[in-house]
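Below is one structure, written out as structure tokens; the observations come after it.
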Amino acid sequence: MKDFVANDRLLQRRADFPVLDQLVHGKPLVYLDNAATSQKPRAVIEALRHYYEHDNSNVHRGIHELSQRATEGYENARAKVAKFLGAAKAEEIVFTRGTTEAINLVAQTWGLENLQRGDVILLTEMEHHSNIVPWQLLARRTGAELKFVPVQEDYQLDVEAAEKLLGDRVKLFSFTHISNVLGAVNPVARLCQKARELGVVTLVDAAQSAGHRPVNVQELGCDFLAFSGHKACGPTGQGALYGRKELLEAMPPWQGGGEMISRVDFQESRWAEVPHKFEAGTPNIAGAIGLGVALDYLEEVGREAIRVHDEALCQYAWERMSQLEGVMLLGPSPEKADHAGVISFFLDDVHAHDVVTLADQSGIALRGGHHCAQPLMRKLGRPATARASFYFYNTTQEVDRLVEVLKEIRAYFLR
Amino acid sequence: MNLDELYQEIILDHAKRPRHFGPLTDATVSVHADNPMCGDEVDVHLKLNGEGKVEALNFTGNACSICTASASIMTGKLLHKSAEECRTMSHQFQQMLKSEEAVTVPKEFGDLKALSGVRKFPQRVKCATLAWHAVEDALKEAGA
């Protein structure tokens, strides 16, 4: 077995997460559901509290001191997101509730404006429901057609098929950076470059990647990118959409209301400049400020260091779990391919849902089910798997604990 | 909380060797039910006789042990019952799973009582009731 080089600097970070220090069903919590949501460091929790205790006010419309502080905090957070994603300008960042809302925004504005019958929306077979259903709704309204890039037998995207499909009536290619089921990492830059050559607009679902590795929209060459703050140490209910400024400016607004206008008359209105055009109503001010603090925290930890830790832990877990009798792992082998810190697996004779209930009784938080990727699961012939997903605060000892508990679970069901 | 209360021998036995498992070619009605939370999928196949009683009841699908065992025991319990009797038993069963305290159940429950431990695992109640909801829907669809 390969030596796992524990990065002490990262493991010290574990103490920054109050929630990790507890017993669940009498056992130390082993939190391995990071692909669903990450835990929050004290700095983020404190930032939310500080905002509500000192600065709480509405943004963009008050003259008074608190309103200025809130506005400044909110817009600073936007600048931080822009920097975090490598966007050229802060105006290219639209705050949304998360990845799902960001994708819906693009579908309902850019999509309705630019798609018509005969056009193709290209997706992949490894998408989360949030990158399938908004396009189904759009296809129904516009008459556009959905096509899917296949997943190969080695659980990786068929990149050559993608490149071929891109040439056939495709207007938009929306795909995930990292599969939340398989841990497969897609070659985003290569796919975006090909799309751009063919005049296809791209949207990258970075829900699983933004908090786990360096993500730079200019290096990736995408037109849109969506991510969720809560999977990157930020509060729930706050994410962002990156869009190239020319595209955002040409798009119609989405929801109407306050904040998104420059002038309103009884019959019609004029819109505010981007990004405010897409942010109707009072936003999640505390959430945005908390997200900004989370991103600062991740930069301090080091995103490349997080990627290395995730992958090393995944490799360690993969090796140990693949030696277990009756355990099958689903996903590209980390030996042969870039594999993020997500492992889907199943036990012979034990349904995923039972695995998760038993693991929970031992203090281990896993996810079990279809992981909001039903079409992919059907293709894999597995309606449900259990999933362990890692972050930089997880340790090899926790993986060892998981391995022991999986053995116990199997023995329990074979009794 | 005791796992053995949830996973009693009877349950594991039904989960591993489900009874009345497989399609029914002459079913009056078939109904599909999903538990979107975890991916359990069950189809129940119901055949009613001339008097409106359950002549045959089978199930197919892919589900966790709790869901499979519940469906397996159910298919035995509801045989030869009228629609009304089926609904009554379904409601009693669901009550057993949703009540805070242990409730006394009718004698005819038999093996079904083994599922009473599920009430201490609220996330799993939907697993245990999935097939029952499907049967209620099937009866409604059959106009019984």
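Residues in the structure tokens are named by chain (A, B, ... in the order shown) and by number from 1 within that chain; ligands are numbered from 1 in the order shown.
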Assign secondary structure with DSSP using the backbone only, and return the residues of range 59-183 of chain A in strand (DSSP E) as a count of residues only.
21
Q) Once you count only C-alpha atoms, which residues of chain A turn out to be within 9 Å of chain B? Could you give them as a count of residues only? A) 19
Neighbour list for Val44 in chain B as an MDAnalysis selection string, cut-off 12 Å, only C-alpha atoms, skip fewer than 6 positions in-chain: chainID B and resid 20:24 27:34 56:62 68 71:72 74:75 130:139
- Step one, run DSSP on the backbone; step two, keep only residues of chain B assigned to helix (DSSP H, G or I); then write them as a ChimeraX atom specification. /B:3-6,9-16,65-77,83-98,107-120,122-141
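Minimum distance to Glu319 in chain A across A:Ala373, A:Leu295, A:Ile63, A:Ile343 (counting only C-alpha atoms) occurs at A:Ile343.
Put simply, CA of Val94 in chain A is 13.7 Å away from CA of Gly237 in chain A.
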Residues within 12 Å of Gln94 in chain B, only C-alpha atoms, excluding chain neighbours under 5 positions, as a PDB file with N, CA and C atoms, in the first residue's frame:
```
ATOM      1  N   SER B  70     -40.801  -5.236   3.797  1.00  0.00           N
ATOM      2  CA  SER B  70     -42.158  -4.749   4.024  1.00  0.00           C
ATOM      3  C   SER B  70     -43.074  -5.189   2.879  1.00  0.00           C
ATOM      4  N   ARG B  87     -57.067  -1.598   2.963  1.00  0.00           N
ATOM      5  CA  ARG B  87     -56.834  -0.211   3.374  1.00  0.00           C
ATOM      6  C   ARG B  87     -56.732  -0.097   4.899  1.00  0.00           C
ATOM      7  N   THR B  88     -57.586  -0.824   5.581  1.00  0.00           N
ATOM      8  CA  THR B  88     -57.546  -0.790   7.048  1.00  0.00           C
ATOM      9  C   THR B  88     -56.190  -1.260   7.554  1.00  0.00           C
ATOM     10  N   MET B  89     -55.714  -2.376   6.994  1.00  0.00           N
ATOM     11  CA  MET B  89     -54.437  -2.898   7.456  1.00  0.00           C
ATOM     12  C   MET B  89     -53.301  -1.923   7.134  1.00  0.00           C
ATOM     13  N   SER B  99     -46.252   6.378  15.104  1.00  0.00           N
ATOM     14  CA  SER B  99     -46.585   6.804  16.464  1.00  0.00           C
ATOM     15  C   SER B  99     -45.317   6.903  17.298  1.00  0.00           C
ATOM     16  N   VAL B 103     -47.431   0.904  19.721  1.00  0.00           N
ATOM     17  CA  VAL B 103     -48.883   0.715  19.762  1.00  0.00           C
ATOM     18  C   VAL B 103     -49.197  -0.780  19.694  1.00  0.00           C
ATOM     19  N   VAL B 105     -50.977  -3.833  18.136  1.00  0.00           N
ATOM     20  CA  VAL B 105     -51.456  -4.079  16.775  1.00  0.00           C
ATOM     21  C   VAL B 105     -52.302  -5.347  16.777  1.00  0.00           C
ATOM     22  N   LEU B 112     -45.506  -8.791  10.423  1.00  0.00           N
ATOM     23  CA  LEU B 112     -45.461  -7.333  10.198  1.00  0.00           C
ATOM     24  C   LEU B 112     -44.946  -6.599  11.432  1.00  0.00           C
ATOM     25  N   LYS B 113     -45.188  -7.206  12.594  1.00  0.00           N
ATOM     26  CA  LYS B 113     -44.762  -6.570  13.842  1.00  0.00           C
ATOM     27  C   LYS B 113     -43.244  -6.380  13.875  1.00  0.00           C
ATOM     28  N   LEU B 115     -41.523  -5.109  11.832  1.00  0.00           N
ATOM     29  CA  LEU B 115     -41.140  -3.806  11.266  1.00  0.00           C
ATOM     30  C   LEU B 115     -41.387  -2.644  12.233  1.00  0.00           C
ATOM     31  N   SER B 116     -41.893  -2.954  13.424  1.00  0.00           N
ATOM     32  CA  SER B 116     -42.239  -1.854  14.335  1.00  0.00           C
ATOM     33  C   SER B 116     -41.004  -1.065  14.766  1.00  0.00           C
ATOM     34  N   VAL B 118     -38.876   0.175  12.999  1.00  0.00           N
ATOM     35  CA  VAL B 118     -38.602   1.246  12.029  1.00  0.00           C
ATOM     36  C   VAL B 118     -39.004   2.606  12.586  1.00  0.00           C
ATOM     37  N   ARG B 119     -39.995   2.615  13.502  1.00  0.00           N
ATOM     38  CA  ARG B 119     -40.460   3.923  13.983  1.00  0.00           C
ATOM     39  C   ARG B 119     -39.369   4.698  14.725  1.00  0.00           C
ATOM     40  N   VAL B 125     -38.910   5.391   7.579  1.00  0.00           N
ATOM     41  CA  VAL B 125     -40.344   5.080   7.563  1.00  0.00           C
ATOM     42  C   VAL B 125     -40.877   5.023   6.125  1.00  0.00           C
ATOM     43  N   LYS B 126     -40.380   5.945   5.300  1.00  0.00           N
ATOM     44  CA  LYS B 126     -40.833   5.960   3.901  1.00  0.00           C
ATOM     45  C   LYS B 126     -40.483   4.656   3.189  1.00  0.00           C
ATOM     46  N   CYS B 127     -39.354   4.060   3.535  1.00  0.00           N
ATOM     47  CA  CYS B 127     -38.958   2.791   2.920  1.00  0.00           C
ATOM     48  C   CYS B 127     -40.013   1.735   3.237  1.00  0.00           C
ATOM     49  N   ALA B 128     -40.423   1.709   4.517  1.00  0.00           N
ATOM     50  CA  ALA B 128     -41.333   0.655   4.962  1.00  0.00           C
ATOM     51  C   ALA B 128     -42.739   0.839   4.404  1.00  0.00           C
ATOM     52  N   THR B 129     -43.118   2.075   4.077  1.00  0.00           N
ATOM     53  CA  THR B 129     -44.504   2.318   3.647  1.00  0.00           C
ATOM     54  C   THR B 129     -44.656   2.394   2.124  1.00  0.00           C
ATOM     55  N   LEU B 130     -43.537   2.375   1.395  1.00  0.00           N
ATOM     56  CA  LEU B 130     -43.602   2.607  -0.059  1.00  0.00           C
ATOM     57  C   LEU B 130     -44.548   1.639  -0.768  1.00  0.00           C
ATOM     58  N   ALA B 131     -44.379   0.340  -0.527  1.00  0.00           N
ATOM     59  CA  ALA B 131     -45.194  -0.662  -1.227  1.00  0.00           C
ATOM     60  C   ALA B 131     -46.666  -0.550  -0.818  1.00  0.00           C
ATOM     61  N   TRP B 132     -46.901  -0.161   0.430  1.00  0.00           N
ATOM     62  CA  TRP B 132     -48.283  -0.034   0.920  1.00  0.00           C
ATOM     63  C   TRP B 132     -49.006   1.107   0.200  1.00  0.00           C
ATOM     64  N   HIS B 133     -48.276   2.213   0.034  1.00  0.00           N
ATOM     65  CA  HIS B 133     -48.876   3.322  -0.730  1.00  0.00           C
ATOM     66  C   HIS B 133     -49.195   2.875  -2.154  1.00  0.00           C
TER      67      HIS B 133
END
```
With only C-alpha atoms as the counted atoms, please give the residues lying no more than 8 Å from Ala359 in chain A, apart from itself and same-chain residues fewer than 6 positions off, as a count of residues only. 6
Residues near Pro106 in chain B, anyone? I mean within 9 Å using only C-alpha atoms, not counting same-chain ones fewer than 3 positions away, as a PDB file with C-alpha atoms, in the first residue's frame.
```
ATOM      1  CA  GLN B  92     -52.887   0.353  10.979  1.00  0.00           C
ATOM      2  CA  PHE B 109     -50.154  -8.610  11.952  1.00  0.00           C
ATOM      3  CA  GLY B 110     -47.810 -11.510  12.736  1.00  0.00           C
TER       4      GLY B 110
END
```
Problem set entry | Selection: 12 Å around Ala79 in chain A, only C-alpha atoms, excl. self and same-chain fewer than 4 positions, as an MDAnalysis selection string | chainID A and resid 72:75 83:95 240 242 275 288:289 291:293 295:296
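Nearest-residue note for Glu398 in chain A: choosing from A:Asn76, A:Cys314, A:Gly243, A:Gln238, the minimum distance belongs to A:Cys314, counting only C-alpha atoms.
The spacing separating CA of Phe266 in chain A from CA of Asn284 in chain A amounts to 27.9 Å.
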